[in-house]
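Undergrad: Sharing final.csv here; it has CSV, C-alpha atoms and all ligand atoms.
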```csv
chain,number,residue,atom,x,y,z
A,1,MET,CA,-33.7,-4.9,5.2
A,2,ASP,CA,-31.4,-5.4,2.2
A,3,ARG,CA,-31.7,-8.6,0.1
A,4,MET,CA,-29.4,-10.4,-2.3
A,5,ILE,CA,-30.2,-13.3,-4.7
A,6,ARG,CA,-28.0,-15.5,-6.8
A,7,CYS,CA,-29.4,-17.1,-9.9
A,8,ILE,CA,-28.1,-19.6,-12.5
A,9,THR,CA,-29.3,-20.5,-15.9
A,10,ASN,CA,-30.7,-24.0,-16.2
A,11,ASP,CA,-27.7,-25.4,-18.1
A,12,GLY,CA,-25.3,-23.8,-15.6
A,13,GLY,CA,-23.7,-21.5,-18.2
A,14,ILE,CA,-24.3,-18.1,-16.6
A,15,MET,CA,-24.5,-17.0,-13.0
A,16,THR,CA,-26.1,-13.7,-11.8
A,17,ALA,CA,-26.1,-12.1,-8.4
A,18,ALA,CA,-28.1,-9.0,-7.6
A,19,VAL,CA,-28.3,-7.0,-4.4
A,20,ASP,CA,-30.5,-4.1,-3.2
A,21,SER,CA,-28.0,-2.5,-0.8
A,22,THR,CA,-30.0,0.7,-0.1
A,23,TYR,CA,-30.2,0.3,3.7
A,24,LEU,CA,-26.6,-0.8,4.2
A,25,VAL,CA,-25.3,2.2,2.1
A,26,ALA,CA,-27.5,4.5,4.1
A,27,ALA,CA,-26.1,3.0,7.3
A,28,ALA,CA,-22.5,3.6,6.0
A,29,GLN,CA,-23.5,7.2,5.1
A,30,GLN,CA,-24.8,7.8,8.6
A,31,ILE,CA,-21.8,6.2,10.4
A,32,HIS,CA,-19.1,8.1,8.3
A,33,GLY,CA,-21.1,11.3,7.5
A,34,THR,CA,-20.0,10.8,3.8
A,35,SER,CA,-20.6,13.6,1.3
A,36,PRO,CA,-22.8,12.6,-1.8
A,37,VAL,CA,-19.8,11.6,-4.0
A,38,ALA,CA,-18.1,9.8,-1.1
A,39,THR,CA,-21.4,8.0,-0.4
A,40,ALA,CA,-21.6,6.9,-4.1
A,41,ALA,CA,-18.0,5.6,-4.1
A,42,LEU,CA,-18.2,3.8,-0.8
A,43,GLY,CA,-21.7,2.5,-1.6
A,44,ARG,CA,-20.5,1.1,-4.9
A,45,LEU,CA,-17.6,-0.7,-3.3
A,46,LEU,CA,-19.8,-2.0,-0.4
A,47,SER,CA,-22.3,-3.3,-2.9
A,48,ALA,CA,-19.6,-5.1,-4.9
A,49,SER,CA,-18.0,-6.5,-1.7
A,50,SER,CA,-21.4,-7.9,-0.6
A,51,LEU,CA,-21.9,-9.6,-4.0
A,52,MET,CA,-18.4,-11.0,-4.0
A,53,GLY,CA,-18.6,-12.1,-0.4
A,54,SER,CA,-21.7,-14.2,-1.2
A,55,MET,CA,-19.5,-16.2,-3.6
A,56,LEU,CA,-16.9,-17.2,-1.0
A,57,LYS,CA,-18.8,-20.4,0.0
A,58,LYS,CA,-17.0,-20.8,3.3
A,59,ASP,CA,-18.1,-19.6,6.7
A,60,GLY,CA,-15.5,-17.3,8.3
A,61,ALA,CA,-14.1,-16.3,4.9
A,62,THR,CA,-13.9,-12.6,3.9
A,63,VAL,CA,-13.2,-10.5,0.8
A,64,THR,CA,-11.6,-7.1,1.1
A,65,LEU,CA,-11.7,-4.6,-1.8
A,66,LYS,CA,-9.4,-1.6,-1.7
A,67,VAL,CA,-9.3,1.2,-4.2
A,68,ASN,CA,-6.8,4.0,-4.3
A,69,GLY,CA,-6.7,6.0,-7.5
A,70,GLY,CA,-4.8,9.0,-6.3
A,71,GLY,CA,-8.0,11.1,-6.2
A,72,PRO,CA,-9.2,13.4,-3.3
A,73,LEU,CA,-11.2,10.6,-1.5
A,74,GLY,CA,-8.0,8.7,-0.7
A,75,THR,CA,-8.3,5.0,-0.1
A,76,VAL,CA,-11.8,3.4,-0.2
A,77,THR,CA,-12.1,0.1,1.6
A,78,ALA,CA,-14.9,-2.5,1.9
A,79,ILE,CA,-14.9,-5.9,3.5
A,80,ALA,CA,-17.6,-8.5,3.3
A,81,ASP,CA,-18.2,-11.9,4.8
A,82,ALA,CA,-19.5,-15.1,3.1
A,83,ASN,CA,-23.1,-14.1,3.9
A,84,GLY,CA,-22.7,-10.8,2.0
A,85,ASN,CA,-22.6,-8.6,5.2
A,86,CYS,CA,-20.2,-5.8,4.8
A,87,ARG,CA,-18.5,-2.8,6.2
A,88,GLY,CA,-16.2,-0.1,4.9
A,89,PHE,CA,-14.7,3.4,5.1
A,90,VAL,CA,-13.3,6.1,3.0
A,91,GLU,CA,-10.2,8.0,3.9
A,92,HIS,CA,-11.6,11.5,3.2
A,93,PRO,CA,-15.4,11.2,3.6
A,94,GLU,CA,-16.1,14.9,3.5
A,95,ILE,CA,-14.7,15.5,0.0
A,96,THR,CA,-17.1,17.2,-2.5
A,97,LEU,CA,-16.6,17.8,-6.2
A,98,PRO,CA,-18.6,19.7,-8.8
A,99,LEU,CA,-21.0,17.5,-10.7
A,100,ARG,CA,-20.0,16.2,-14.1
A,101,GLN,CA,-21.3,17.9,-17.2
A,102,ASP,CA,-24.1,15.2,-17.5
A,103,GLY,CA,-25.3,16.1,-14.0
A,104,LYS,CA,-23.9,13.0,-12.3
A,105,LEU,CA,-21.7,12.6,-9.3
A,106,ASP,CA,-18.0,12.5,-10.4
A,107,VAL,CA,-17.1,9.2,-8.7
A,108,GLY,CA,-14.2,8.6,-11.1
A,109,GLY,CA,-12.8,12.0,-10.4
A,110,ALA,CA,-13.1,11.6,-6.7
A,111,VAL,CA,-11.5,8.1,-6.6
A,112,GLY,CA,-9.0,8.9,-9.4
A,113,HIS,CA,-7.7,6.4,-11.9
A,114,ASN,CA,-3.9,6.4,-11.3
A,115,GLY,CA,-3.7,3.6,-8.9
A,116,LEU,CA,-4.8,0.1,-8.0
A,117,LEU,CA,-7.9,-2.0,-7.2
A,118,GLY,CA,-6.9,-4.7,-4.8
A,119,VAL,CA,-9.0,-7.8,-4.0
A,120,ILE,CA,-8.0,-10.0,-1.0
A,121,ARG,CA,-9.8,-13.2,-0.3
A,122,ASP,CA,-9.1,-14.7,3.1
A,123,TYR,CA,-10.4,-18.2,3.8
A,124,GLY,CA,-9.0,-18.2,7.3
A,125,GLU,CA,-6.4,-20.8,6.5
A,126,GLY,CA,-3.1,-20.4,4.6
A,127,GLN,CA,-2.1,-17.3,2.8
A,128,PRO,CA,-4.9,-15.0,1.6
A,129,TYR,CA,-5.4,-14.9,-2.1
A,130,ILE,CA,-4.4,-11.4,-3.3
A,131,GLY,CA,-5.1,-9.9,-6.7
A,132,GLN,CA,-4.7,-6.4,-8.1
A,133,VAL,CA,-5.1,-4.5,-11.3
A,134,GLU,CA,-4.6,-1.0,-12.4
A,135,LEU,CA,-7.7,1.2,-12.2
A,136,GLN,CA,-9.4,1.8,-15.5
A,137,SER,CA,-11.7,4.7,-14.6
A,138,GLY,CA,-12.1,4.8,-10.9
A,139,GLU,CA,-15.9,4.3,-11.4
A,140,ILE,CA,-15.5,0.9,-9.6
A,141,ALA,CA,-17.9,-1.3,-11.6
A,142,GLU,CA,-15.8,-0.9,-14.8
A,143,ASP,CA,-12.6,-1.6,-12.7
A,144,LEU,CA,-14.1,-4.8,-11.2
A,145,THR,CA,-15.2,-6.0,-14.7
A,146,TYR,CA,-11.6,-5.5,-15.8
A,147,TYR,CA,-10.3,-7.2,-12.6
A,148,TYR,CA,-12.3,-10.3,-13.3
A,149,GLY,CA,-11.2,-10.5,-16.9
A,150,VAL,CA,-7.5,-9.9,-16.3
A,151,SER,CA,-6.8,-11.3,-12.9
A,152,GLU,CA,-9.3,-14.2,-12.7
A,153,GLN,CA,-10.0,-14.9,-16.4
A,154,ILE,CA,-13.8,-15.0,-15.7
A,155,PRO,CA,-15.8,-13.0,-18.2
A,156,THR,CA,-17.9,-10.8,-15.9
A,157,ILE,CA,-20.3,-7.9,-16.2
A,158,CYS,CA,-20.3,-5.8,-13.0
A,159,ALA,CA,-23.0,-3.1,-12.6
A,160,LEU,CA,-23.2,-0.9,-9.5
A,161,GLY,CA,-25.3,2.1,-8.7
A,162,VAL,CA,-25.8,4.5,-5.9
A,163,LEU,CA,-28.3,7.3,-6.4
A,164,VAL,CA,-27.7,10.0,-3.8
A,165,ASP,CA,-29.7,13.1,-3.2
A,166,LYS,CA,-27.2,15.8,-4.3
A,167,THR,CA,-28.0,18.0,-1.3
A,168,ASP,CA,-28.9,15.4,1.4
A,169,ALA,CA,-26.5,12.4,1.2
A,170,SER,CA,-28.6,10.4,3.6
A,171,HIS,CA,-31.3,9.8,0.9
A,172,VAL,CA,-29.9,6.9,-1.1
A,173,LEU,CA,-30.9,4.1,-3.4
A,174,ALA,CA,-28.3,1.5,-4.0
A,175,GLY,CA,-27.7,-1.9,-5.6
A,176,GLY,CA,-25.5,-4.0,-7.8
A,177,MET,CA,-25.3,-6.9,-10.2
A,178,LEU,CA,-22.6,-9.3,-11.0
A,179,ILE,CA,-23.1,-11.5,-14.1
A,180,GLN,CA,-20.5,-14.2,-14.8
A,181,VAL,CA,-20.0,-16.5,-17.8
A,182,LEU,CA,-19.1,-20.0,-16.5
A,183,PRO,CA,-17.0,-22.5,-18.4
A,184,GLY,CA,-20.0,-24.4,-19.8
A,185,ALA,CA,-21.6,-21.4,-21.6
A,186,SER,CA,-22.0,-21.7,-25.4
A,187,GLU,CA,-21.2,-19.0,-27.9
A,188,GLU,CA,-24.9,-18.5,-28.6
A,189,GLU,CA,-25.6,-17.9,-24.9
A,190,ILE,CA,-22.7,-15.5,-24.6
A,191,THR,CA,-24.0,-13.5,-27.6
A,192,ARG,CA,-27.5,-13.4,-26.1
A,193,LEU,CA,-26.1,-12.3,-22.8
A,194,GLU,CA,-24.1,-9.5,-24.5
A,195,GLN,CA,-27.3,-8.3,-26.2
A,196,ASN,CA,-29.2,-8.3,-22.9
A,197,ALA,CA,-26.4,-6.4,-21.2
A,198,ALA,CA,-26.3,-3.8,-23.9
A,199,SER,CA,-30.0,-3.0,-23.3
A,200,LEU,CA,-29.9,-3.4,-19.5
A,201,PRO,CA,-30.8,-0.1,-17.8
A,202,PRO,CA,-28.5,1.2,-15.0
A,203,VAL,CA,-29.1,-0.5,-11.6
A,204,THR,CA,-30.4,2.7,-10.0
A,205,THR,CA,-32.9,3.2,-12.8
A,206,MET,CA,-34.3,-0.3,-12.3
A,207,LEU,CA,-34.5,0.2,-8.5
A,208,ALA,CA,-36.1,3.6,-8.9
A,209,GLN,CA,-38.7,2.0,-11.2
A,210,GLY,CA,-39.5,-0.3,-8.4
A,211,LEU,CA,-38.0,-3.5,-9.9
A,212,THR,CA,-37.2,-6.2,-7.5
A,213,ILE,CA,-33.8,-7.9,-7.6
A,214,GLU,CA,-35.5,-11.0,-9.1
A,215,GLU,CA,-36.9,-8.8,-11.9
A,216,MET,CA,-33.4,-7.3,-12.4
A,217,CYS,CA,-31.9,-10.8,-12.9
A,218,GLN,CA,-34.8,-11.8,-15.2
A,219,LYS,CA,-33.9,-8.7,-17.4
A,220,ALA,CA,-30.2,-9.6,-17.5
A,221,LEU,CA,-31.1,-13.2,-18.3
A,222,LYS,CA,-33.9,-12.5,-20.7
A,223,GLY,CA,-34.4,-15.5,-23.0
A,224,PHE,CA,-32.8,-17.9,-20.6
A,225,GLU,CA,-34.4,-20.4,-18.2
A,226,MET,CA,-33.1,-19.6,-14.8
A,227,GLU,CA,-33.5,-20.7,-11.2
A,228,ILE,CA,-32.8,-18.9,-7.9
A,229,LEU,CA,-29.9,-20.6,-6.1
A,230,ASP,CA,-30.1,-18.8,-2.8
A,231,GLU,CA,-31.3,-15.6,-1.1
A,232,PHE,CA,-29.5,-13.7,1.6
A,233,GLN,CA,-30.5,-10.8,3.9
A,234,VAL,CA,-27.5,-8.5,4.0
A,235,HIS,CA,-26.5,-5.8,6.5
A,236,TYR,CA,-23.9,-3.2,7.3
A,237,ALA,CA,-22.2,-5.2,10.0
A,238,CYS,CA,-19.0,-4.8,12.0
A,239,PRO,CA,-17.6,-7.7,14.0
A,240,CYS,CA,-15.4,-5.4,16.2
A,241,SER,CA,-15.3,-6.2,19.9
A,242,ARG,CA,-13.3,-5.3,23.0
A,243,GLU,CA,-11.4,-8.5,22.6
A,244,ARG,CA,-10.4,-7.6,19.1
A,245,VAL,CA,-9.2,-4.2,20.2
A,246,GLN,CA,-7.1,-5.9,22.9
A,247,ARG,CA,-5.6,-8.2,20.3
A,248,ALA,CA,-4.7,-5.1,18.2
A,249,PHE,CA,-3.2,-3.4,21.2
A,250,LEU,CA,-0.9,-6.4,21.7
A,251,THR,CA,0.6,-5.8,18.2
A,252,LEU,CA,1.9,-2.4,19.5
A,253,PRO,CA,5.3,-2.1,21.2
A,254,LYS,CA,4.9,-2.3,25.0
A,255,ASP,CA,6.1,1.3,25.5
A,256,GLU,CA,3.6,2.6,23.0
A,257,LEU,CA,0.8,0.5,24.6
A,258,LEU,CA,1.5,1.9,28.1
A,259,SER,CA,1.7,5.5,26.8
A,260,LEU,CA,-1.8,5.4,25.2
A,261,PRO,CA,-3.9,6.6,28.2
A,262,ASP,CA,-4.5,10.3,28.4
A,263,GLU,CA,-2.4,11.8,31.2
A,264,THR,CA,-5.3,13.8,32.7
A,265,THR,CA,-8.1,11.2,32.5
A,266,GLY,CA,-6.0,8.0,32.7
A,267,LEU,CA,-8.2,6.6,29.9
A,268,ALA,CA,-7.3,5.4,26.4
A,269,GLU,CA,-9.9,5.4,23.6
A,270,ALA,CA,-9.9,3.3,20.5
A,271,LYS,CA,-12.4,4.1,17.8
A,272,CYS,CA,-13.3,1.5,15.2
A,273,GLN,CA,-12.8,2.9,11.7
A,274,TYR,CA,-15.6,0.8,10.2
A,275,CYS,CA,-18.4,1.4,12.6
A,276,GLY,CA,-17.3,4.3,14.8
A,277,ARG,CA,-17.8,2.4,18.0
A,278,THR,CA,-15.5,3.6,20.8
A,279,TYR,CA,-13.8,1.3,23.3
A,280,THR,CA,-12.4,2.8,26.5
A,281,PHE,CA,-9.6,1.3,28.5
A,282,THR,CA,-8.3,2.4,31.9
A,283,LYS,CA,-4.5,2.8,32.6
A,284,GLU,CA,-4.8,-0.2,34.9
A,285,GLU,CA,-6.4,-2.4,32.2
A,286,LEU,CA,-3.6,-1.6,29.8
A,287,GLU,CA,-1.0,-2.4,32.4
A,288,LEU,CA,-2.6,-5.7,33.0
A,289,LEU,CA,-2.7,-6.3,29.2
A,290,ALA,CA,1.0,-5.3,28.9
A,291,LYS,CA,1.9,-8.2,31.3
A,292,LYS,CA,0.7,-10.6,28.5
A,293,TYR,CA,3.9,-9.7,26.6
A,294,LYS,CA,5.7,-11.7,29.3
A,295,ASN,CA,3.3,-14.7,28.8
A,296,PHE,CA,3.9,-14.5,25.1
A,297,SER,CA,7.6,-14.8,25.5
A,298,PHE,CA,7.1,-17.9,27.7
A,299,THR,CA,4.8,-19.6,25.2
A,300,CYS,CA,6.9,-18.8,22.1
B,1,ZN,ZN,-16.5,-1.8,14.4
```
The structure given in the file should be rewritten as C-alpha cells.

TA:
Amino acid sequence: MDRMIRCITNDGGIMTAAVDSTYLVAAAQQIHGTSPVATAALGRLLSASSLMGSMLKKDGATVTLKVNGGGPLGTVTAIADANGNCRGFVEHPEITLPLRQDGKLDVGGAVGHNGLLGVIRDYGEGQPYIGQVELQSGEIAEDLTYYYGVSEQIPTICALGVLVDKTDASHVLAGGMLIQVLPGASEEEITRLEQNAASLPPVTTMLAQGLTIEEMCQKALKGFEMEILDEFQVHYACPCSRERVQRAFLTLPKDELLSLPDETTGLAEAKCQYCGRTYTFTKEELELLAKKYKNFSFTC
C-alpha cells in the first residue's frame, strides 16, 4: 500500500507533500511491461501526478500530465484524481537505452527535451485549466520545477525518484516530493529551505535507507516547526468501465462503429490503454448502440 502525506510549516509559509509510490509504479510496470528506462520515466510522472492530484481539493477533479520531448519513448501520460490515485501509459514501453556514464538510467535521453510538458487540471465544470512549458531536460522533476515557476509563479522544488533493477524492471522503489513556498514565507525561511534542499539526498536514496515519508518531510523542513495536514493511501487505479467504453464508441462516426466487429467472430474488442482491461461487444450490441445516434438527434 502506497502512502502520501502533506505537511505545512506552523506559520503556513511552506507546504511539503511526499509520496512513497513503490507499489503503484510496480503495478504500472506489470500492466504495461515497461523496460527499466520506461518504468523510470512513467514512474516519475505517475508519482508527480499523484502529488499534484492531492492538491486539487475537489472530488471528481483530475490532473493530467503529458510529456513529449521527441525521444524514443514517445508521449508519456499520467492522470491522477483528487485523492492521489493515478494511472498512466507510455507510447513505446519497450524502449531501452544504454546507461549514462554515471551508471544511471537515461530518462532524459529516452524522453527527449525538444518538446513540451503539459498540465491539465479538470475540475469537472467549465473549461479545464491548461498550462504548458518547454521541456528543460526531459528528466521530469526539473521540468515540473520549471513549470511551477514559469506557468504558475509558485516557487517549487520537485524531487522524483524511481530506482529500477537494471535487469528486472519489476523490482522498483519509487517516490516523490513537492515543496512549495507559499505567499506568507519570509526571506529567512526561504534561505533556510534552500539550504535544506541543497543537502537533501535523492528520494530513492532516502527510501532505500528506509526513511518514512514523514522523515523525508522532516529532512526537507529541518529547522521548521511543521504539522501533518493529511494522509492518503494511493493506488494505481483506472476508472474505466463498459459504460465509459460505450460513451467513447458514440463519439465515432456511425459507419465506423458498425464496422468494428471482426467479420469472423462478430465481436469487437476495446482495450483500455491505462489498465489493459479488455471489453468485448457483440455485433448486436453495437447495432443497438448505433440506434442511440437517432435518439441524440431527437434530443439535440
Ligand atoms: Zn482502464

Undergrad: Which residues are near ligand ZN 1 (chain B) - at most 12 Å, using all atoms listed in the file? Format: as an mmCIF file with C-alpha atoms, in the frame of the given file.

TA:
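Saved file result_32.cif follows:
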```cif
data_model
loop_
_atom_site.group_PDB
_atom_site.id
_atom_site.type_symbol
_atom_site.label_atom_id
_atom_site.label_comp_id
_atom_site.auth_asym_id
_atom_site.auth_seq_id
_atom_site.Cartn_x
_atom_site.Cartn_y
_atom_site.Cartn_z
ATOM 1 C CA ALA A 28 -22.500 3.600 6.000
ATOM 2 C CA ILE A 31 -21.800 6.200 10.400
ATOM 3 C CA HIS A 32 -19.100 8.100 8.300
ATOM 4 C CA ILE A 79 -14.900 -5.900 3.500
ATOM 5 C CA CYS A 86 -20.200 -5.800 4.800
ATOM 6 C CA ARG A 87 -18.500 -2.800 6.200
ATOM 7 C CA GLY A 88 -16.200 -0.100 4.900
ATOM 8 C CA PHE A 89 -14.700 3.400 5.100
ATOM 9 C CA TYR A 236 -23.900 -3.200 7.300
ATOM 10 C CA ALA A 237 -22.200 -5.200 10.000
ATOM 11 C CA CYS A 238 -19.000 -4.800 12.000
ATOM 12 C CA PRO A 239 -17.600 -7.700 14.000
ATOM 13 C CA CYS A 240 -15.400 -5.400 16.200
ATOM 14 C CA SER A 241 -15.300 -6.200 19.900
ATOM 15 C CA ARG A 242 -13.300 -5.300 23.000
ATOM 16 C CA GLU A 243 -11.400 -8.500 22.600
ATOM 17 C CA ARG A 244 -10.400 -7.600 19.100
ATOM 18 C CA VAL A 245 -9.200 -4.200 20.200
ATOM 19 C CA ALA A 270 -9.900 3.300 20.500
ATOM 20 C CA LYS A 271 -12.400 4.100 17.800
ATOM 21 C CA CYS A 272 -13.300 1.500 15.200
ATOM 22 C CA GLN A 273 -12.800 2.900 11.700
ATOM 23 C CA TYR A 274 -15.600 0.800 10.200
ATOM 24 C CA CYS A 275 -18.400 1.400 12.600
ATOM 25 C CA GLY A 276 -17.300 4.300 14.800
ATOM 26 C CA ARG A 277 -17.800 2.400 18.000
ATOM 27 C CA THR A 278 -15.500 3.600 20.800
ATOM 28 C CA TYR A 279 -13.800 1.300 23.300
#
```

Undergrad: Using all atoms listed in the file, which of the listed residues (A:Gly12, A:Glu91, A:Leu116, A:Ala169) sits closest to Leu135 in chain A?

TA: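 Using all atoms listed in the file, the shortest distance to Leu135 in chain A belongs to A:Leu116.
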
Undergrad: Pick from A:Ala220, A:Ala41, A:Ile14, A:Val67: nearest to Pro155 in chain A, with all atoms listed in the file counted?

TA: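 With all atoms listed in the file as the atom set, the closest residue is A:Ile14.
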
Undergrad: One number please: CA of Gly126 in chain A to CA of Ala141 in chain A, in Å, one decimal.

TA: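 Straight-line distance from CA of Gly126 in chain A to CA of Ala141 in chain A works out to 29.1 Å.
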
Undergrad: Just the residues within 12 Å of Leu99 in chain A, please, counting all atoms listed in the file, with nothing from its chain fewer than 2 positions along; format it as number ranges by chain.

TA: A: 36-37, 96-97, 101-110, 166-167

Undergrad: Go ahead and save the residues from that selection, with C-alpha atoms, as an mmCIF file, keeping the file's coordinate frame.

TA:
```cif
data_model
loop_
_atom_site.group_PDB
_atom_site.id
_atom_site.type_symbol
_atom_site.label_atom_id
_atom_site.label_comp_id
_atom_site.auth_asym_id
_atom_site.auth_seq_id
_atom_site.Cartn_x
_atom_site.Cartn_y
_atom_site.Cartn_z
ATOM 1 C CA PRO A 36 -22.800 12.600 -1.800
ATOM 2 C CA VAL A 37 -19.800 11.600 -4.000
ATOM 3 C CA THR A 96 -17.100 17.200 -2.500
ATOM 4 C CA LEU A 97 -16.600 17.800 -6.200
ATOM 5 C CA GLN A 101 -21.300 17.900 -17.200
ATOM 6 C CA ASP A 102 -24.100 15.200 -17.500
ATOM 7 C CA GLY A 103 -25.300 16.100 -14.000
ATOM 8 C CA LYS A 104 -23.900 13.000 -12.300
ATOM 9 C CA LEU A 105 -21.700 12.600 -9.300
ATOM 10 C CA ASP A 106 -18.000 12.500 -10.400
ATOM 11 C CA VAL A 107 -17.100 9.200 -8.700
ATOM 12 C CA GLY A 108 -14.200 8.600 -11.100
ATOM 13 C CA GLY A 109 -12.800 12.000 -10.400
ATOM 14 C CA ALA A 110 -13.100 11.600 -6.700
ATOM 15 C CA LYS A 166 -27.200 15.800 -4.300
ATOM 16 C CA THR A 167 -28.000 18.000 -1.300
#
```

Undergrad: Can you save range 283-291 of chain A of the given block to a file, including all heavy atoms and formatted as an mmCIF file, in the first residue's frame?

TA:
```cif
data_model
loop_
_atom_site.group_PDB
_atom_site.id
_atom_site.type_symbol
_atom_site.label_atom_id
_atom_site.label_comp_id
_atom_site.auth_asym_id
_atom_site.auth_seq_id
_atom_site.Cartn_x
_atom_site.Cartn_y
_atom_site.Cartn_z
ATOM 1 N N LYS A 283 -21.745 -7.873 -32.206
ATOM 2 C CA LYS A 283 -22.252 -7.070 -33.337
ATOM 3 C C LYS A 283 -23.628 -6.500 -32.976
ATOM 4 O O LYS A 283 -23.915 -5.330 -33.227
ATOM 5 C CB LYS A 283 -22.369 -8.016 -34.537
ATOM 6 C CG LYS A 283 -22.527 -7.377 -35.865
ATOM 7 C CD LYS A 283 -22.227 -8.443 -36.940
ATOM 8 C CE LYS A 283 -22.480 -7.895 -38.323
ATOM 9 N NZ LYS A 283 -23.844 -8.015 -38.757
ATOM 10 N N GLU A 284 -24.440 -7.348 -32.332
ATOM 11 C CA GLU A 284 -25.802 -6.933 -31.983
ATOM 12 C C GLU A 284 -25.782 -5.779 -30.964
ATOM 13 O O GLU A 284 -26.583 -4.844 -31.058
ATOM 14 C CB GLU A 284 -26.599 -8.123 -31.395
ATOM 15 C CG GLU A 284 -26.905 -9.238 -32.386
ATOM 16 C CD GLU A 284 -25.669 -10.060 -32.763
ATOM 17 O OE1 GLU A 284 -24.724 -10.147 -31.944
ATOM 18 O OE2 GLU A 284 -25.631 -10.583 -33.892
ATOM 19 N N GLU A 285 -24.868 -5.885 -30.015
ATOM 20 C CA GLU A 285 -24.772 -4.809 -29.011
ATOM 21 C C GLU A 285 -24.404 -3.480 -29.669
ATOM 22 O O GLU A 285 -24.932 -2.424 -29.304
ATOM 23 C CB GLU A 285 -23.717 -5.163 -27.949
ATOM 24 C CG GLU A 285 -24.200 -6.160 -26.924
ATOM 25 C CD GLU A 285 -23.087 -6.558 -25.961
ATOM 26 O OE1 GLU A 285 -21.999 -6.953 -26.434
ATOM 27 O OE2 GLU A 285 -23.301 -6.479 -24.741
ATOM 28 N N LEU A 286 -23.500 -3.538 -30.650
ATOM 29 C CA LEU A 286 -23.087 -2.308 -31.322
ATOM 30 C C LEU A 286 -24.211 -1.749 -32.186
ATOM 31 O O LEU A 286 -24.387 -0.525 -32.281
ATOM 32 C CB LEU A 286 -21.832 -2.549 -32.166
ATOM 33 C CG LEU A 286 -20.560 -2.833 -31.361
ATOM 34 C CD1 LEU A 286 -19.355 -2.962 -32.272
ATOM 35 C CD2 LEU A 286 -20.287 -1.736 -30.336
ATOM 36 N N GLU A 287 -24.997 -2.655 -32.779
ATOM 37 C CA GLU A 287 -26.135 -2.182 -33.590
ATOM 38 C C GLU A 287 -27.153 -1.470 -32.706
ATOM 39 O O GLU A 287 -27.721 -0.436 -33.066
ATOM 40 C CB GLU A 287 -26.784 -3.362 -34.326
ATOM 41 C CG GLU A 287 -25.982 -3.760 -35.569
ATOM 42 C CD GLU A 287 -26.383 -5.104 -36.147
ATOM 43 O OE1 GLU A 287 -27.264 -5.780 -35.552
ATOM 44 O OE2 GLU A 287 -25.802 -5.473 -37.171
ATOM 45 N N LEU A 288 -27.338 -2.035 -31.516
ATOM 46 C CA LEU A 288 -28.251 -1.426 -30.544
ATOM 47 C C LEU A 288 -27.728 -0.043 -30.125
ATOM 48 O O LEU A 288 -28.485 0.926 -30.019
ATOM 49 C CB LEU A 288 -28.333 -2.345 -29.312
ATOM 50 C CG LEU A 288 -29.633 -2.386 -28.539
ATOM 51 C CD1 LEU A 288 -30.794 -2.795 -29.446
ATOM 52 C CD2 LEU A 288 -29.521 -3.372 -27.370
ATOM 53 N N LEU A 289 -26.411 0.017 -29.920
ATOM 54 C CA LEU A 289 -25.774 1.271 -29.529
ATOM 55 C C LEU A 289 -25.901 2.308 -30.647
ATOM 56 O O LEU A 289 -26.159 3.488 -30.387
ATOM 57 C CB LEU A 289 -24.282 0.990 -29.243
ATOM 58 C CG LEU A 289 -23.510 1.994 -28.411
ATOM 59 C CD1 LEU A 289 -24.148 2.166 -27.052
ATOM 60 C CD2 LEU A 289 -22.066 1.509 -28.242
ATOM 61 N N ALA A 290 -25.752 1.844 -31.904
ATOM 62 C CA ALA A 290 -25.816 2.762 -33.051
ATOM 63 C C ALA A 290 -27.172 3.446 -33.133
ATOM 64 O O ALA A 290 -27.277 4.573 -33.623
ATOM 65 C CB ALA A 290 -25.520 1.998 -34.336
ATOM 66 N N LYS A 291 -28.202 2.767 -32.625
ATOM 67 C CA LYS A 291 -29.542 3.372 -32.662
ATOM 68 C C LYS A 291 -29.612 4.613 -31.775
ATOM 69 O O LYS A 291 -30.494 5.449 -31.940
ATOM 70 C CB LYS A 291 -30.591 2.351 -32.217
ATOM 71 C CG LYS A 291 -30.819 1.273 -33.269
ATOM 72 C CD LYS A 291 -31.915 0.345 -32.858
ATOM 73 C CE LYS A 291 -32.059 -0.736 -33.928
ATOM 74 N NZ LYS A 291 -32.799 -1.885 -33.467
#
```
